[in-house]
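Worksheet: one structure, shown below.
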Amino acid sequence: MLQLAYIRDNKEKVIAGLNKRRFARAADIIEEVITLDDQRKSTQAKHDQVLAESNSLSKQIGMLMREGKKEEAEGVKAKTADLKAEGKELGEALSSYENKLKELLYTIPNVPNDNVPEGGGADDNEVVYEHGSTPELPESAVPHWELIKTYDIIDFDLGNKITGAGFPVYKGKGARLQRAMVNFFLDEATKAGYVEVQPPIVINEDSGYGTGQLPDKDGQMYHIGEENFFLIPTAEVPITNMYRDVIVDAKDLPVKHVGFTPCFRREAGSWGAHVRGLNRLHQFDKVEIVEIHHPDNSYEALDRMCKHVQGLLEKLGLQYRVLNLCGGDMGFTSAQTFDMEVYSAAQKKWLEVSSVSNFETFQANRLKLRYRGDDNKMHLLHTLNGSALALPRILAAILENNQSEDGIRIPEVLVPYTGFDMIR
């Protein structure tokens with residue numbers, strides 16, 4: 001959530017940033033925020049004045065009663081009653097302005113960093129790096145949704161029977177390969193200095209608001225109605241919320257965590273080749289890295305996090321590219337995002353497998369996540385996270401890019417985890 005003081009002090013910059021995002025009616029909404037804040041401040045001042053006057057008169061009543069001036073005291077009491085009624089009205093108006101302001105601020109996305117390119121959608125994203133070459137596949141090569149049937153390693157029909165579309169069952173070497181990737185990703189993150197946590201996969205509403213999934217992604221999250229809980233869309237949510245309402249000691253920065261969780265998203269409802277097989281699921285596994293930094297260091301951290309993800313892709317032997325997302329394709333909470341995409345040789349298309357983002361103070365403002373600066377004042381921290389990595393499309397690329405007439409070759413770095421080097 002953007003800070004009110006920042007909006008007021010940087011109005012034109014905020015409007016320009018929201019326009020870069022293609023955020024509708026940016027100028028009108030920012031003006032509405034400022035107007036509501038003016039009304040809130042004015043009402044607060046009147047409310048404080050009435051309360052002060054009421055308190056002063058209340059003291060007079062006691063003094064007059066002690067002096068035996070009962071009639072005068074009764075007159076002051078009548079004034080006090082009027083002031084209390086006025087104070088109640090002003091308090092209700094103040095609460096109304098505060099709620100309207102909060103609700104409006106919740107609908108405004110983050111302001112993009114200056115290095116975010118202009119653009120309205122995926123076609124305008126900027127390719128900043130490419131690595132590897134396209135593997136040569138045999139003439140018999142097929143996409144992963146056919147390979148998984150041939151080798152009986154993932155069963156979508158069985159998942160559909162148990163739950164519904166988008167909930168596959170991993171079997172035999174398919175299940176072992178999944179587990180191998182999770183352990184490999186966690187081990188690599190631990191080597192890089194991340195502290196592993198195993199968070200809940202169910203969150204409350206406060207956690208959803210804390211990291212910005214609510215209200216923005218409300219319709220994409222699985223809701224547990226009776227308890228008002230939500231299944232997590234990413235481990236970012238519970239891990240970052242570990243620090244909600246926390247003042248981090250500056251000497252403990254940076255904070256670095258990694259966690260593995262299943263993730264749940266309702267968005268996978270469209271049809272077509274781009275969502276076939278593992279390309280888009282309702283439930284999938286992901287290893288997430290989360291960092292909390294002093295504002296001066298967060299963009300250096302963003303670069304290091306991207307390089308960590310790139311290192312994983314290189315160790316897996318996958319061709320990939322890095323995209324600097326344009327304003328119109330960024331997530332609601334992000335100030336800057338880099339996507340990593342692997343090339344699927346059988347599908348002949350790029351598949352997104354990781355997003356690494358810096359949220360600057362946007363999440364921290366909601367979370368009240370702060371540190372005490374050298375000036376002895378409280379300041380908001382910067383939060384970052386990235387997929388390291390999401391499994392389904394990585395698995396799809398491994399299966400497709402490593403297929404041969406003899407079977408599917410397992411990347412060398414995963415063999416110690418799988419216990420086999422081929423799927424036959």
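Going by the structure tokens order, chains are called A, B, ..., each with residues numbered from 1, while ligands are numbered from 1 in the order shown.
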Got a sec to tell me which of region 302-376 of chain A DSSP assigns to strand (DSSP E or B), as a PDB file with N, CA and C atoms, in the first residue's frame?
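Result file is states-v2.pdb:
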ATOM      1  N   TYR A 320      17.243 -20.554 -21.242  1.00  0.00           N
ATOM      2  CA  TYR A 320      16.319 -19.626 -20.594  1.00  0.00           C
ATOM      3  C   TYR A 320      16.597 -18.201 -21.048  1.00  0.00           C
ATOM      4  N   ARG A 321      15.657 -17.335 -20.724  1.00  0.00           N
ATOM      5  CA  ARG A 321      15.840 -15.904 -20.948  1.00  0.00           C
ATOM      6  C   ARG A 321      15.260 -15.137 -19.764  1.00  0.00           C
ATOM      7  N   VAL A 322      15.729 -13.891 -19.587  1.00  0.00           N
ATOM      8  CA  VAL A 322      15.291 -13.033 -18.491  1.00  0.00           C
ATOM      9  C   VAL A 322      14.562 -11.833 -19.082  1.00  0.00           C
ATOM     10  N   LEU A 323      13.387 -11.540 -18.539  1.00  0.00           N
ATOM     11  CA  LEU A 323      12.564 -10.426 -19.010  1.00  0.00           C
ATOM     12  C   LEU A 323      12.415  -9.377 -17.914  1.00  0.00           C
ATOM     13  N   ASN A 324      12.593  -8.134 -18.267  1.00  0.00           N
ATOM     14  CA  ASN A 324      12.248  -7.013 -17.397  1.00  0.00           C
ATOM     15  C   ASN A 324      10.816  -6.637 -17.752  1.00  0.00           C
ATOM     16  N   GLN A 336       9.327  -3.615  -9.295  1.00  0.00           N
ATOM     17  CA  GLN A 336      10.034  -4.111 -10.477  1.00  0.00           C
ATOM     18  C   GLN A 336      10.081  -5.631 -10.414  1.00  0.00           C
ATOM     19  N   THR A 337       9.843  -6.264 -11.571  1.00  0.00           N
ATOM     20  CA  THR A 337       9.826  -7.723 -11.648  1.00  0.00           C
ATOM     21  C   THR A 337      10.636  -8.199 -12.844  1.00  0.00           C
ATOM     22  N   PHE A 338      11.440  -9.231 -12.608  1.00  0.00           N
ATOM     23  CA  PHE A 338      12.126  -9.947 -13.678  1.00  0.00           C
ATOM     24  C   PHE A 338      11.551 -11.358 -13.749  1.00  0.00           C
ATOM     25  N   ASP A 339      11.118 -11.749 -14.936  1.00  0.00           N
ATOM     26  CA  ASP A 339      10.639 -13.108 -15.170  1.00  0.00           C
ATOM     27  C   ASP A 339      11.740 -13.939 -15.812  1.00  0.00           C
ATOM     28  N   MET A 340      11.836 -15.201 -15.398  1.00  0.00           N
ATOM     29  CA  MET A 340      12.718 -16.153 -16.057  1.00  0.00           C
ATOM     30  C   MET A 340      11.843 -17.132 -16.838  1.00  0.00           C
ATOM     31  N   GLU A 341      12.158 -17.320 -18.104  1.00  0.00           N
ATOM     32  CA  GLU A 341      11.408 -18.242 -18.950  1.00  0.00           C
ATOM     33  C   GLU A 341      12.348 -19.302 -19.513  1.00  0.00           C
ATOM     34  N   VAL A 342      11.892 -20.556 -19.517  1.00  0.00           N
ATOM     35  CA  VAL A 342      12.666 -21.629 -20.149  1.00  0.00           C
ATOM     36  C   VAL A 342      12.031 -21.945 -21.493  1.00  0.00           C
ATOM     37  N   TYR A 343      12.862 -22.439 -22.420  1.00  0.00           N
ATOM     38  CA  TYR A 343      12.333 -22.764 -23.741  1.00  0.00           C
ATOM     39  C   TYR A 343      11.910 -24.223 -23.778  1.00  0.00           C
ATOM     40  N   SER A 344      10.671 -24.434 -24.163  1.00  0.00           N
ATOM     41  CA  SER A 344      10.128 -25.775 -24.318  1.00  0.00           C
ATOM     42  C   SER A 344      10.280 -26.174 -25.787  1.00  0.00           C
ATOM     43  N   LYS A 349       7.932 -22.958 -27.520  1.00  0.00           N
ATOM     44  CA  LYS A 349       7.460 -21.735 -26.876  1.00  0.00           C
ATOM     45  C   LYS A 349       8.219 -21.532 -25.563  1.00  0.00           C
ATOM     46  N   TRP A 350       8.215 -20.283 -25.102  1.00  0.00           N
ATOM     47  CA  TRP A 350       8.823 -19.935 -23.823  1.00  0.00           C
ATOM     48  C   TRP A 350       7.803 -20.106 -22.704  1.00  0.00           C
ATOM     49  N   LEU A 351       8.252 -20.665 -21.583  1.00  0.00           N
ATOM     50  CA  LEU A 351       7.385 -20.898 -20.430  1.00  0.00           C
ATOM     51  C   LEU A 351       7.936 -20.154 -19.217  1.00  0.00           C
ATOM     52  N   GLU A 352       7.134 -19.324 -18.591  1.00  0.00           N
ATOM     53  CA  GLU A 352       7.571 -18.628 -17.380  1.00  0.00           C
ATOM     54  C   GLU A 352       7.704 -19.623 -16.226  1.00  0.00           C
ATOM     55  N   VAL A 353       8.855 -19.601 -15.557  1.00  0.00           N
ATOM     56  CA  VAL A 353       9.083 -20.515 -14.441  1.00  0.00           C
ATOM     57  C   VAL A 353       9.424 -19.780 -13.145  1.00  0.00           C
ATOM     58  N   SER A 354       9.695 -18.475 -13.234  1.00  0.00           N
ATOM     59  CA  SER A 354      10.024 -17.718 -12.030  1.00  0.00           C
ATOM     60  C   SER A 354       9.759 -16.241 -12.245  1.00  0.00           C
ATOM     61  N   SER A 355       9.253 -15.602 -11.193  1.00  0.00           N
ATOM     62  CA  SER A 355       9.184 -14.146 -11.128  1.00  0.00           C
ATOM     63  C   SER A 355       9.934 -13.712  -9.882  1.00  0.00           C
ATOM     64  N   VAL A 356      10.840 -12.760 -10.036  1.00  0.00           N
ATOM     65  CA  VAL A 356      11.603 -12.229  -8.904  1.00  0.00           C
ATOM     66  C   VAL A 356      11.277 -10.739  -8.812  1.00  0.00           C
ATOM     67  N   SER A 357      10.790 -10.305  -7.653  1.00  0.00           N
ATOM     68  CA  SER A 357      10.255  -8.948  -7.539  1.00  0.00           C
ATOM     69  C   SER A 357      10.772  -8.216  -6.316  1.00  0.00           C
ATOM     70  N   ASN A 358      10.901  -6.895  -6.478  1.00  0.00           N
ATOM     71  CA  ASN A 358      11.144  -5.982  -5.364  1.00  0.00           C
ATOM     72  C   ASN A 358       9.860  -5.185  -5.152  1.00  0.00           C
ATOM     73  N   ARG A 370       9.111  -2.722  10.029  1.00  0.00           N
ATOM     74  CA  ARG A 370       9.967  -1.539  10.134  1.00  0.00           C
ATOM     75  C   ARG A 370      11.317  -1.861  10.786  1.00  0.00           C
ATOM     76  N   TYR A 371      12.192  -0.858  10.729  1.00  0.00           N
ATOM     77  CA  TYR A 371      13.457  -0.899  11.460  1.00  0.00           C
ATOM     78  C   TYR A 371      13.710   0.495  12.028  1.00  0.00           C
ATOM     79  N   ARG A 372      14.558   0.569  13.061  1.00  0.00           N
ATOM     80  CA  ARG A 372      14.914   1.862  13.632  1.00  0.00           C
ATOM     81  C   ARG A 372      16.203   2.341  12.976  1.00  0.00           C
TER      82      ARG A 372
END
Open item on the list: Excluding region 148-164 of chain A and its own-chain neighbours fewer than 3 positions away, which residues fall within 12 Å of it when counting only C-alpha atoms? Please give them as a PyMOL selection string.
Closed with: chain A and resi 141-145+167-178+266+268-269+276-278+281-283+392+395-396+398-400+403+406-408+422-424
Would you save the residues from that selection as a PDB file, in the first residue's frame, using C-alpha atoms?
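Writing the result to selection-v1.pdb gives the following:
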ATOM      1  CA  ALA A 141       9.588 -35.792 -30.181  1.00  0.00           C
ATOM      2  CA  VAL A 142       6.244 -34.943 -28.582  1.00  0.00           C
ATOM      3  CA  PRO A 143       5.059 -32.422 -25.942  1.00  0.00           C
ATOM      4  CA  HIS A 144       5.098 -33.400 -22.281  1.00  0.00           C
ATOM      5  CA  TRP A 145       1.370 -34.183 -22.067  1.00  0.00           C
ATOM      6  CA  PHE A 167      -4.986 -31.279  -9.929  1.00  0.00           C
ATOM      7  CA  PRO A 168      -2.663 -33.957 -11.396  1.00  0.00           C
ATOM      8  CA  VAL A 169      -1.451 -37.113  -9.663  1.00  0.00           C
ATOM      9  CA  TYR A 170       2.318 -37.701  -9.881  1.00  0.00           C
ATOM     10  CA  LYS A 171       3.248 -41.399 -10.032  1.00  0.00           C
ATOM     11  CA  GLY A 172       6.387 -43.507  -9.729  1.00  0.00           C
ATOM     12  CA  LYS A 173       9.384 -41.769 -11.261  1.00  0.00           C
ATOM     13  CA  GLY A 174       7.257 -38.672 -11.848  1.00  0.00           C
ATOM     14  CA  ALA A 175       6.671 -38.337  -8.095  1.00  0.00           C
ATOM     15  CA  ARG A 176      10.326 -39.047  -7.322  1.00  0.00           C
ATOM     16  CA  LEU A 177      11.458 -36.450  -9.864  1.00  0.00           C
ATOM     17  CA  GLN A 178       9.168 -33.870  -8.210  1.00  0.00           C
ATOM     18  CA  ARG A 266      -8.227 -20.672  -9.222  1.00  0.00           C
ATOM     19  CA  ALA A 268      -6.367 -21.901 -14.405  1.00  0.00           C
ATOM     20  CA  GLY A 269      -9.768 -21.985 -16.042  1.00  0.00           C
ATOM     21  CA  ARG A 276      -2.397 -27.900 -21.630  1.00  0.00           C
ATOM     22  CA  GLY A 277      -0.738 -30.413 -19.337  1.00  0.00           C
ATOM     23  CA  LEU A 278       1.584 -28.835 -16.791  1.00  0.00           C
ATOM     24  CA  LEU A 281      -2.502 -25.897 -12.824  1.00  0.00           C
ATOM     25  CA  HIS A 282      -4.801 -25.187  -9.885  1.00  0.00           C
ATOM     26  CA  GLN A 283      -2.350 -26.882  -7.488  1.00  0.00           C
ATOM     27  CA  PRO A 392       5.367 -27.749 -13.216  1.00  0.00           C
ATOM     28  CA  LEU A 395       9.285 -30.458 -15.209  1.00  0.00           C
ATOM     29  CA  ALA A 396       7.613 -29.946 -18.603  1.00  0.00           C
ATOM     30  CA  ILE A 398      13.005 -31.241 -18.565  1.00  0.00           C
ATOM     31  CA  LEU A 399      10.768 -33.959 -20.007  1.00  0.00           C
ATOM     32  CA  GLU A 400      10.504 -32.370 -23.442  1.00  0.00           C
ATOM     33  CA  GLN A 403      13.598 -36.879 -24.568  1.00  0.00           C
ATOM     34  CA  ASP A 406      15.797 -44.445 -25.419  1.00  0.00           C
ATOM     35  CA  GLY A 407      13.776 -42.476 -22.873  1.00  0.00           C
ATOM     36  CA  ILE A 408      14.040 -39.217 -20.946  1.00  0.00           C
ATOM     37  CA  MET A 422      16.670 -42.144 -17.180  1.00  0.00           C
ATOM     38  CA  ILE A 423      12.917 -42.542 -17.387  1.00  0.00           C
ATOM     39  CA  ARG A 424      12.295 -45.499 -19.689  1.00  0.00           C
TER      40      ARG A 424
END
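Going from CA of Val248 (chain A) over to CA of Leu381 (chain A), you cover 8.7 Å.
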TODO: Choose the residue, out of A:Ala81, A:Leu389, A:Ile34, A:Leu94, that has the smallest atom-to-atom separation from Lys46 (chain A); count only C-alpha atoms.
DONE: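 Closest residue, counting only C-alpha atoms: A:Leu94.
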Task: Contacts of region 221-228 of chain A at 7 Å (only C-alpha atoms; same-chain gap of 4+ positions) as a VMD selection string - done: chain A and resid 204 to 205 217 233 264 to 266
Residues from last step as file, all heavy atoms, as a PDB file, in the first residue's frame:
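And here is the file that came out, part04.pdb:
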ATOM      1  N   ASN A 204      -4.934 -16.493   7.183  1.00  0.00           N
ATOM      2  CA  ASN A 204      -6.105 -15.705   7.524  1.00  0.00           C
ATOM      3  C   ASN A 204      -6.179 -14.461   6.648  1.00  0.00           C
ATOM      4  O   ASN A 204      -5.281 -14.183   5.848  1.00  0.00           O
ATOM      5  CB  ASN A 204      -6.118 -15.360   9.015  1.00  0.00           C
ATOM      6  CG  ASN A 204      -4.865 -14.605   9.451  1.00  0.00           C
ATOM      7  OD1 ASN A 204      -4.272 -13.849   8.683  1.00  0.00           O
ATOM      8  ND2 ASN A 204      -4.459 -14.809  10.695  1.00  0.00           N
ATOM      9  N   GLU A 205      -7.247 -13.710   6.826  1.00  0.00           N
ATOM     10  CA  GLU A 205      -7.490 -12.537   5.977  1.00  0.00           C
ATOM     11  C   GLU A 205      -6.420 -11.467   6.171  1.00  0.00           C
ATOM     12  O   GLU A 205      -5.985 -10.823   5.209  1.00  0.00           O
ATOM     13  CB  GLU A 205      -8.875 -11.961   6.283  1.00  0.00           C
ATOM     14  CG  GLU A 205      -9.356 -10.944   5.265  1.00  0.00           C
ATOM     15  CD  GLU A 205     -10.802 -10.543   5.509  1.00  0.00           C
ATOM     16  OE1 GLU A 205     -11.091 -10.053   6.626  1.00  0.00           O
ATOM     17  OE2 GLU A 205     -11.638 -10.730   4.608  1.00  0.00           O
ATOM     18  N   LYS A 217      -6.447 -10.021  -5.477  1.00  0.00           N
ATOM     19  CA  LYS A 217      -6.538 -11.370  -6.056  1.00  0.00           C
ATOM     20  C   LYS A 217      -7.621 -12.219  -5.381  1.00  0.00           C
ATOM     21  O   LYS A 217      -7.547 -13.453  -5.413  1.00  0.00           O
ATOM     22  CB  LYS A 217      -5.184 -12.084  -5.928  1.00  0.00           C
ATOM     23  CG  LYS A 217      -4.053 -11.418  -6.700  1.00  0.00           C
ATOM     24  CD  LYS A 217      -4.222 -11.608  -8.192  1.00  0.00           C
ATOM     25  CE  LYS A 217      -3.004 -11.150  -8.977  1.00  0.00           C
ATOM     26  NZ  LYS A 217      -2.697  -9.732  -8.847  1.00  0.00           N
ATOM     27  N   PRO A 233      -1.587 -18.812  -2.431  1.00  0.00           N
ATOM     28  CA  PRO A 233      -1.226 -18.846  -3.852  1.00  0.00           C
ATOM     29  C   PRO A 233       0.282 -18.978  -4.039  1.00  0.00           C
ATOM     30  O   PRO A 233       0.749 -19.284  -5.127  1.00  0.00           O
ATOM     31  CB  PRO A 233      -1.714 -17.489  -4.354  1.00  0.00           C
ATOM     32  CG  PRO A 233      -1.585 -16.588  -3.162  1.00  0.00           C
ATOM     33  CD  PRO A 233      -1.866 -17.447  -1.958  1.00  0.00           C
ATOM     34  N   PHE A 264      -1.963 -22.841  -4.522  1.00  0.00           N
ATOM     35  CA  PHE A 264      -3.311 -23.051  -5.041  1.00  0.00           C
ATOM     36  C   PHE A 264      -3.817 -21.778  -5.715  1.00  0.00           C
ATOM     37  O   PHE A 264      -3.813 -20.707  -5.109  1.00  0.00           O
ATOM     38  CB  PHE A 264      -4.262 -23.427  -3.896  1.00  0.00           C
ATOM     39  CG  PHE A 264      -3.824 -24.645  -3.137  1.00  0.00           C
ATOM     40  CD1 PHE A 264      -2.944 -24.533  -2.069  1.00  0.00           C
ATOM     41  CD2 PHE A 264      -4.288 -25.907  -3.488  1.00  0.00           C
ATOM     42  CE1 PHE A 264      -2.526 -25.654  -1.361  1.00  0.00           C
ATOM     43  CE2 PHE A 264      -3.873 -27.029  -2.785  1.00  0.00           C
ATOM     44  CZ  PHE A 264      -2.996 -26.903  -1.727  1.00  0.00           C
ATOM     45  N   ARG A 265      -4.242 -21.908  -6.974  1.00  0.00           N
ATOM     46  CA  ARG A 265      -4.762 -20.753  -7.711  1.00  0.00           C
ATOM     47  C   ARG A 265      -5.958 -21.166  -8.554  1.00  0.00           C
ATOM     48  O   ARG A 265      -5.900 -22.168  -9.265  1.00  0.00           O
ATOM     49  CB  ARG A 265      -3.676 -20.140  -8.600  1.00  0.00           C
ATOM     50  CG  ARG A 265      -2.481 -19.634  -7.793  1.00  0.00           C
ATOM     51  CD  ARG A 265      -1.434 -18.959  -8.639  1.00  0.00           C
ATOM     52  NE  ARG A 265      -0.256 -18.643  -7.838  1.00  0.00           N
ATOM     53  CZ  ARG A 265       0.846 -18.078  -8.306  1.00  0.00           C
ATOM     54  NH1 ARG A 265       0.923 -17.758  -9.586  1.00  0.00           N
ATOM     55  NH2 ARG A 265       1.874 -17.832  -7.508  1.00  0.00           N
ATOM     56  N   ARG A 266      -7.005 -20.363  -8.488  1.00  0.00           N
ATOM     57  CA  ARG A 266      -8.227 -20.672  -9.222  1.00  0.00           C
ATOM     58  C   ARG A 266      -8.186 -20.171 -10.657  1.00  0.00           C
ATOM     59  O   ARG A 266      -9.098 -20.420 -11.427  1.00  0.00           O
ATOM     60  CB  ARG A 266      -9.429 -20.028  -8.522  1.00  0.00           C
ATOM     61  CG  ARG A 266      -9.698 -20.581  -7.137  1.00  0.00           C
ATOM     62  CD  ARG A 266     -10.869 -19.872  -6.493  1.00  0.00           C
ATOM     63  NE  ARG A 266     -12.071 -20.006  -7.301  1.00  0.00           N
ATOM     64  CZ  ARG A 266     -13.134 -19.202  -7.216  1.00  0.00           C
ATOM     65  NH1 ARG A 266     -13.116 -18.183  -6.382  1.00  0.00           N
ATOM     66  NH2 ARG A 266     -14.191 -19.391  -7.963  1.00  0.00           N
TER      67      ARG A 266
END
Open item on the list: Measuring between only C-alpha atoms, which one of A:Val50, A:Leu231, A:Met63, A:Val116 shows the shortest distance to Asp329 (chain A)?
Closed with: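 Once distances to Asp329 (chain A) are computed over only C-alpha atoms, the minimum belongs to A:Val116.
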Task: Shortest interatomic distance to Tyr6 (chain A) - which of A:Leu369, A:Val111, A:Leu186, A:Leu104, counting only C-alpha atoms - done: A:Val111
- [ ] Using only C-alpha atoms, find the one residue out of A:Pro411, A:Pro199, A:Gly327, A:Gly317 that sits nearest to Ala122 (chain A).
- [x]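 The closest residue to Ala122 (chain A) is A:Gly327.
With only C-alpha atoms as the atoms that count, the minimum distance from Ile394 (chain A) to the choices A:Val195, A:Leu312, A:Ile289, A:Met65 is reached by A:Leu312.
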- [ ] Taking the DSSP assignment computed from this structure's backbone, write out as a list in words all residues of region 194-257 of chain A that belong to alpha helix (DSSP H).
- [x]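 For region 194-257 of chain A, the alpha helix (DSSP H) set is Glu205, Asp206, Ser207, Gly208, Tyr209, Gly210, Thr211, Glu236, Val237, Pro238, Ile239, Thr240 and Asn241 of chain A.
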File dump, residues just selected, C-alpha atoms, as a CSV table (one decimal), in the first residue's frame:
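Contents of the output file out_32.csv:
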chain,number,residue,atom,x,y,z
A,205,GLU,CA,-7.5,-12.5,6.0
A,206,ASP,CA,-4.9,-10.3,7.7
A,207,SER,CA,-2.1,-12.2,6.0
A,208,GLY,CA,-3.8,-11.9,2.6
A,209,TYR,CA,-4.1,-8.1,3.1
A,210,GLY,CA,-0.5,-7.9,4.5
A,211,THR,CA,1.2,-9.0,1.3
A,236,GLU,CA,5.6,-15.6,-0.2
A,237,VAL,CA,2.4,-14.9,1.7
A,238,PRO,CA,3.0,-16.9,5.0
A,239,ILE,CA,6.7,-16.4,5.0
A,240,THR,CA,6.6,-12.6,4.6
A,241,ASN,CA,3.7,-12.4,7.1
- [ ] Kindly indicate which residue among A:Glu53, A:Asp252, A:Glu92, A:Asp216 lies nearest to Val76 (chain A), using only C-alpha atoms for the distances.
- [x]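 When distances to Val76 (chain A) are compared using only C-alpha atoms, the smallest one comes from A:Glu53.
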Open item on the list: For a test of reading the model, state the distance in Å between CA of Ala27 (chain A) and CA of Ile7 (chain A), rounded to one decimal.
Closed with: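 Answer for the CA of Ala27 (chain A) to CA of Ile7 (chain A) separation: 11.4 Å.
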Task: Shell around Glu196 (chain A) at 12 Å using only C-alpha atoms, local window under 6 positions removed, as JSON, numbers by chain - done: {"A": [183, 185, 186, 187, 188, 189, 190, 235, 239, 255, 256, 257, 258, 259, 260, 261, 287, 288, 289, 290]}
